[in-house]
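The structure appears below as structure tokens.
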Amino acid sequence: MKDKKDKEWNRSWNGKSPRAKTKRYACGGLREACATDNYKYGLVAFVNQFGGNQDLAGHCDPNTNDSTFLSNDIILCQRDYNVKVMLSLGGAIGKYRLVSKEEAREVAHYIWNNFLVGSSSNRPLGNAVLDEVDFDIEGGSRDHWDDLPRCLKAYSTPERKVYLSATPQCPMPDYFLQPAIDTGLFDYLWVQFYNNYCRYSGNVATFEQIWNRWTSMNVSKVFLGVPASHQAAGGGFVRPAELITQVLPIVKRSEKYGGIMLWNRYHNVLYGYSSEVKNYVCSDRLSSSLSMLVRPFMVV
């Protein structure tokens, strides 16, 4: 894709709303999150428009298109705290879709050059190089989401692998993401066990059956997604004590268990969920940081 096309797709983020300021005051930014030692992964969310109108919602100055202030925080998280920082596509808001295989190829080209290790004169995050691309597809068309991971993985080399993850709802098959997941190209799944019927509600047999179906997928690691507070999602909150004594013993039986994913950083700070469960999430606490994802990283 030519430079002119890249410029057309390089839309700004709006980081000046009162809501954004409130969240920054409540939970701090990316650097503060990484410094807690509670997270192994964090997402910058979301790219939620496609087809020449990509939008990285909520983080940058809409007048100057400047989000490079995040660059140092991303580099610090990666270098000093061993946190992988990822770009999340989609989300619950936005009229995003892919209309063709060719457009999937163009989106992959843009992401590679503007957020991964490619080169562009208009990188929204400056010198920072993100570690991974996450698919959180919750609306629009179902078409061509299997083409995009193929196009992104085509940029992998022996020296630098392109890592991919997906954030499906736990009812199977996922309406939007299942064809993409079935490609076998995803490294991680952050499965949302909330806002749907298969959230944990005390029925151990049903929960374990659904979890086992997800760990049977052709993917390296599966993470259990739960809300960080009663207010964080429409349903599916599991009290920390219940997670520790009833849920974690089930999910840890699988070799593909990777940790937990919390929605979201804002509510986690208010409730303190990760601090209560962090010593129980991983079977081995010899590692310096917890295999936990909080999605999305609220870096406003």
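Chain labels follow the order of the structure tokens: the first chain is A, the next B, and so on; residue numbering restarts at 1 in every chain, and ligands are counted from 1 in their shown order.
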Closest pair table for segment 50-162 of chain A residues within 12 Å of segment 172-175 of chain A, only C-alpha atoms, as a tab-separated table:
```
residue	atom	partner	partner_atom	distance
A:Asp136	CA	A:Asp174	CA	11.1
A:Ile137	CA	A:Tyr175	CA	9.3
A:Glu138	CA	A:Tyr175	CA	8.5
A:Gly139	CA	A:Tyr175	CA	9.4
A:Gly140	CA	A:Tyr175	CA	10.9
A:Ser141	CA	A:Tyr175	CA	10.0
A:Arg142	CA	A:Tyr175	CA	7.4
A:Asp143	CA	A:Tyr175	CA	10.7
A:Trp145	CA	A:Tyr175	CA	11.2
```
Please, could you write that set of residues out with N, CA, C and O atoms as a PDB file, in the first residue's frame?
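Below is the file again.pdb, written as the result:
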```pdb
ATOM      1  N   ASP A 136     -10.804  -8.593  18.839  1.00  0.00           N
ATOM      2  CA  ASP A 136     -11.992  -8.541  19.699  1.00  0.00           C
ATOM      3  C   ASP A 136     -13.167  -8.096  18.827  1.00  0.00           C
ATOM      4  O   ASP A 136     -13.627  -6.959  18.901  1.00  0.00           O
ATOM      5  N   ILE A 137     -13.623  -8.984  17.983  1.00  0.00           N
ATOM      6  CA  ILE A 137     -14.620  -8.656  16.966  1.00  0.00           C
ATOM      7  C   ILE A 137     -16.005  -8.953  17.519  1.00  0.00           C
ATOM      8  O   ILE A 137     -16.354 -10.112  17.783  1.00  0.00           O
ATOM      9  N   GLU A 138     -16.790  -7.894  17.694  1.00  0.00           N
ATOM     10  CA  GLU A 138     -18.098  -8.025  18.342  1.00  0.00           C
ATOM     11  C   GLU A 138     -19.239  -7.423  17.521  1.00  0.00           C
ATOM     12  O   GLU A 138     -20.355  -7.290  18.031  1.00  0.00           O
ATOM     13  N   GLY A 139     -18.972  -7.029  16.289  1.00  0.00           N
ATOM     14  CA  GLY A 139     -20.027  -6.430  15.493  1.00  0.00           C
ATOM     15  C   GLY A 139     -19.661  -6.384  14.024  1.00  0.00           C
ATOM     16  O   GLY A 139     -18.580  -6.813  13.610  1.00  0.00           O
ATOM     17  N   GLY A 140     -20.579  -5.827  13.231  1.00  0.00           N
ATOM     18  CA  GLY A 140     -20.340  -5.692  11.804  1.00  0.00           C
ATOM     19  C   GLY A 140     -20.500  -7.006  11.070  1.00  0.00           C
ATOM     20  O   GLY A 140     -21.220  -7.896  11.485  1.00  0.00           O
ATOM     21  N   SER A 141     -19.786  -7.150   9.994  1.00  0.00           N
ATOM     22  CA  SER A 141     -19.868  -8.337   9.161  1.00  0.00           C
ATOM     23  C   SER A 141     -18.985  -9.455   9.709  1.00  0.00           C
ATOM     24  O   SER A 141     -17.973  -9.209  10.358  1.00  0.00           O
ATOM     25  N   ARG A 142     -19.363 -10.690   9.416  1.00  0.00           N
ATOM     26  CA  ARG A 142     -18.566 -11.853   9.816  1.00  0.00           C
ATOM     27  C   ARG A 142     -17.494 -12.199   8.793  1.00  0.00           C
ATOM     28  O   ARG A 142     -16.657 -13.069   9.035  1.00  0.00           O
ATOM     29  N   ASP A 143     -17.498 -11.529   7.662  1.00  0.00           N
ATOM     30  CA  ASP A 143     -16.670 -11.935   6.533  1.00  0.00           C
ATOM     31  C   ASP A 143     -15.208 -11.525   6.687  1.00  0.00           C
ATOM     32  O   ASP A 143     -14.899 -10.451   7.212  1.00  0.00           O
ATOM     33  N   TRP A 145     -12.618 -12.300   8.453  1.00  0.00           N
ATOM     34  CA  TRP A 145     -11.768 -12.265   9.650  1.00  0.00           C
ATOM     35  C   TRP A 145     -10.773 -13.414   9.655  1.00  0.00           C
ATOM     36  O   TRP A 145      -9.774 -13.359  10.375  1.00  0.00           O
TER      37      TRP A 145
END
```
Within 12 Å of segment 154-159 of chain A, counting only C-alpha atoms, which residues qualify if same-chain residues fewer than 3 places away don't, as a PyMOL selection string? chain A and resi 105+108-113+116-118+132+147-151+162-164+185
Output the selection as a PDB file, in the first residue's frame - N, CA and C atoms for each residue.
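Below is the file that was written, part.pdb:
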```pdb
ATOM      1  N   ARG A 105      -5.735  -7.705   3.455  1.00  0.00           N
ATOM      2  CA  ARG A 105      -4.305  -7.569   3.173  1.00  0.00           C
ATOM      3  C   ARG A 105      -3.844  -6.133   3.426  1.00  0.00           C
ATOM      4  N   ALA A 108      -3.645  -5.519   7.218  1.00  0.00           N
ATOM      5  CA  ALA A 108      -2.434  -6.152   7.742  1.00  0.00           C
ATOM      6  C   ALA A 108      -1.200  -5.324   7.407  1.00  0.00           C
ATOM      7  N   HIS A 109      -1.148  -4.808   6.203  1.00  0.00           N
ATOM      8  CA  HIS A 109      -0.038  -3.960   5.776  1.00  0.00           C
ATOM      9  C   HIS A 109       0.062  -2.715   6.653  1.00  0.00           C
ATOM     10  N   TYR A 110      -1.075  -2.091   6.894  1.00  0.00           N
ATOM     11  CA  TYR A 110      -1.088  -0.894   7.729  1.00  0.00           C
ATOM     12  C   TYR A 110      -0.635  -1.205   9.156  1.00  0.00           C
ATOM     13  N   ILE A 111      -1.166  -2.272   9.740  1.00  0.00           N
ATOM     14  CA  ILE A 111      -0.803  -2.632  11.115  1.00  0.00           C
ATOM     15  C   ILE A 111       0.677  -2.955  11.215  1.00  0.00           C
ATOM     16  N   TRP A 112       1.195  -3.715  10.261  1.00  0.00           N
ATOM     17  CA  TRP A 112       2.612  -4.090  10.281  1.00  0.00           C
ATOM     18  C   TRP A 112       3.506  -2.857  10.253  1.00  0.00           C
ATOM     19  N   ASN A 113       3.192  -1.917   9.385  1.00  0.00           N
ATOM     20  CA  ASN A 113       4.067  -0.759   9.214  1.00  0.00           C
ATOM     21  C   ASN A 113       3.859   0.331  10.256  1.00  0.00           C
ATOM     22  N   LEU A 116       3.669  -2.562  14.294  1.00  0.00           N
ATOM     23  CA  LEU A 116       4.607  -3.658  14.522  1.00  0.00           C
ATOM     24  C   LEU A 116       5.990  -3.224  14.044  1.00  0.00           C
ATOM     25  N   VAL A 117       6.762  -4.111  13.462  1.00  0.00           N
ATOM     26  CA  VAL A 117       8.172  -3.793  13.206  1.00  0.00           C
ATOM     27  C   VAL A 117       8.423  -3.209  11.825  1.00  0.00           C
ATOM     28  N   GLY A 118       7.359  -2.938  11.058  1.00  0.00           N
ATOM     29  CA  GLY A 118       7.536  -2.294   9.759  1.00  0.00           C
ATOM     30  C   GLY A 118       7.911  -0.826   9.919  1.00  0.00           C
ATOM     31  N   GLU A 132       1.976  -7.724  19.636  1.00  0.00           N
ATOM     32  CA  GLU A 132       0.954  -8.678  19.234  1.00  0.00           C
ATOM     33  C   GLU A 132      -0.272  -7.932  18.730  1.00  0.00           C
ATOM     34  N   ASP A 147      -9.177 -14.149   6.876  1.00  0.00           N
ATOM     35  CA  ASP A 147      -8.139 -13.674   5.964  1.00  0.00           C
ATOM     36  C   ASP A 147      -7.112 -12.795   6.678  1.00  0.00           C
ATOM     37  N   LEU A 148      -7.577 -11.986   7.626  1.00  0.00           N
ATOM     38  CA  LEU A 148      -6.663 -11.053   8.293  1.00  0.00           C
ATOM     39  C   LEU A 148      -5.551 -11.760   9.071  1.00  0.00           C
ATOM     40  N   PRO A 149      -5.816 -12.794   9.887  1.00  0.00           N
ATOM     41  CA  PRO A 149      -4.695 -13.475  10.544  1.00  0.00           C
ATOM     42  C   PRO A 149      -3.736 -14.121   9.561  1.00  0.00           C
ATOM     43  N   ARG A 150      -4.245 -14.626   8.452  1.00  0.00           N
ATOM     44  CA  ARG A 150      -3.331 -15.189   7.451  1.00  0.00           C
ATOM     45  C   ARG A 150      -2.405 -14.121   6.893  1.00  0.00           C
ATOM     46  N   CYS A 151      -2.961 -12.944   6.630  1.00  0.00           N
ATOM     47  CA  CYS A 151      -2.146 -11.854   6.078  1.00  0.00           C
ATOM     48  C   CYS A 151      -1.139 -11.354   7.099  1.00  0.00           C
ATOM     49  N   VAL A 162       5.070 -12.908  14.386  1.00  0.00           N
ATOM     50  CA  VAL A 162       3.883 -12.102  14.615  1.00  0.00           C
ATOM     51  C   VAL A 162       2.929 -12.911  15.495  1.00  0.00           C
ATOM     52  N   TYR A 163       2.712 -12.452  16.721  1.00  0.00           N
ATOM     53  CA  TYR A 163       1.819 -13.143  17.651  1.00  0.00           C
ATOM     54  C   TYR A 163       0.400 -12.599  17.491  1.00  0.00           C
ATOM     55  N   LEU A 164      -0.566 -13.515  17.556  1.00  0.00           N
ATOM     56  CA  LEU A 164      -1.968 -13.153  17.416  1.00  0.00           C
ATOM     57  C   LEU A 164      -2.770 -13.726  18.579  1.00  0.00           C
ATOM     58  N   LEU A 185      -4.029 -20.182  13.668  1.00  0.00           N
ATOM     59  CA  LEU A 185      -2.943 -19.195  13.647  1.00  0.00           C
ATOM     60  C   LEU A 185      -2.844 -18.365  14.923  1.00  0.00           C
TER      61      LEU A 185
END
```
Atomic distance atom CA of Tyr257 of chain A - atom CA of Arg213 of chain A, expressed in Å with one decimal: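 Separation of atom CA of Tyr257 of chain A and atom CA of Arg213 of chain A: 12.5 Å.
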Can you list, as a ChimeraX atom specification, every residue of segment 77-217 of chain A that DSSP puts in strand (DSSP E)? /A:84-91,132-137,163-166,188-192
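Taking only C-alpha atoms into account, Val226 of chain A lies nearest to A:Val191 out of the set A:Leu70, A:Val133, A:Val191, A:Leu125.
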Which polymer residues have any atom within 7 Å of an atom of segment 227-239 of chain A, counting only C-alpha atoms, with same-chain residues fewer than 3 positions away left out, as a VMD selection string? chain A and resid 193 to 195 199 to 200 242 to 243 262 to 264 267 to 268 271 273
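Atom CA of Asp182 of chain A is positioned 21.5 Å from atom CA of Met261 of chain A.
The space between atom CA of Pro168 of chain A and atom CA of Gly126 of chain A spans 29.7 Å.
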Residues of segment 86-214 of chain A in alpha helix (DSSP H), written as a ChimeraX atom specification: /A:101-114,147-153,178-181,204-214
Name the residues in contact with segment 220-224 of chain A at a cut-off of 6 Å, using only C-alpha atoms, excluding same-chain residues fewer than 2 positions from it; report them as a list in words.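 Result of the neighbour search: Asp187, Tyr188, Leu189, Trp190, Val191, Lys256, Tyr257, Gly258, Gly259, Ile260 and Met261 of chain A.
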Shell around Arg31 of chain A at 8 Å using only C-alpha atoms, local window under 6 positions removed, as a short mmCIF file (atom, residue, chain, number, x, y, z; two decimals) with all heavy atoms, in the first residue's frame:
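What follows is the written file around-v1.cif:
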```cif
data_model
loop_
_atom_site.label_atom_id
_atom_site.label_comp_id
_atom_site.auth_asym_id
_atom_site.auth_seq_id
_atom_site.Cartn_x
_atom_site.Cartn_y
_atom_site.Cartn_z
N ASP A 73 6.07 4.93 27.53
CA ASP A 73 5.42 4.02 28.48
C ASP A 73 5.41 2.59 27.94
O ASP A 73 5.63 1.64 28.69
CB ASP A 73 3.99 4.47 28.76
CG ASP A 73 3.92 5.64 29.72
OD1 ASP A 73 5.00 6.17 30.08
OD2 ASP A 73 2.82 6.03 30.11
N ILE A 74 5.12 2.44 26.64
CA ILE A 74 5.10 1.11 26.05
C ILE A 74 6.48 0.47 26.11
O ILE A 74 6.64 -0.69 26.52
CB ILE A 74 4.60 1.18 24.59
CG1 ILE A 74 3.12 1.58 24.56
CG2 ILE A 74 4.81 -0.15 23.87
CD1 ILE A 74 2.60 1.92 23.18
N LEU A 76 8.94 1.19 28.12
CA LEU A 76 9.27 0.92 29.52
C LEU A 76 8.60 -0.36 30.00
O LEU A 76 9.21 -1.19 30.68
CB LEU A 76 8.87 2.10 30.39
CG LEU A 76 9.14 2.00 31.90
CD1 LEU A 76 9.52 3.37 32.46
CD2 LEU A 76 7.93 1.46 32.66
N CYS A 77 7.32 -0.54 29.67
CA CYS A 77 6.60 -1.76 30.08
C CYS A 77 7.28 -3.00 29.52
O CYS A 77 7.44 -4.01 30.22
CB CYS A 77 5.16 -1.69 29.62
SG CYS A 77 4.11 -0.58 30.57
#
```
Nearest candidate to Asn279 of chain A (options A:Val251, A:Arg265, A:Leu87, A:Pro240; using only C-alpha atoms): A:Pro240
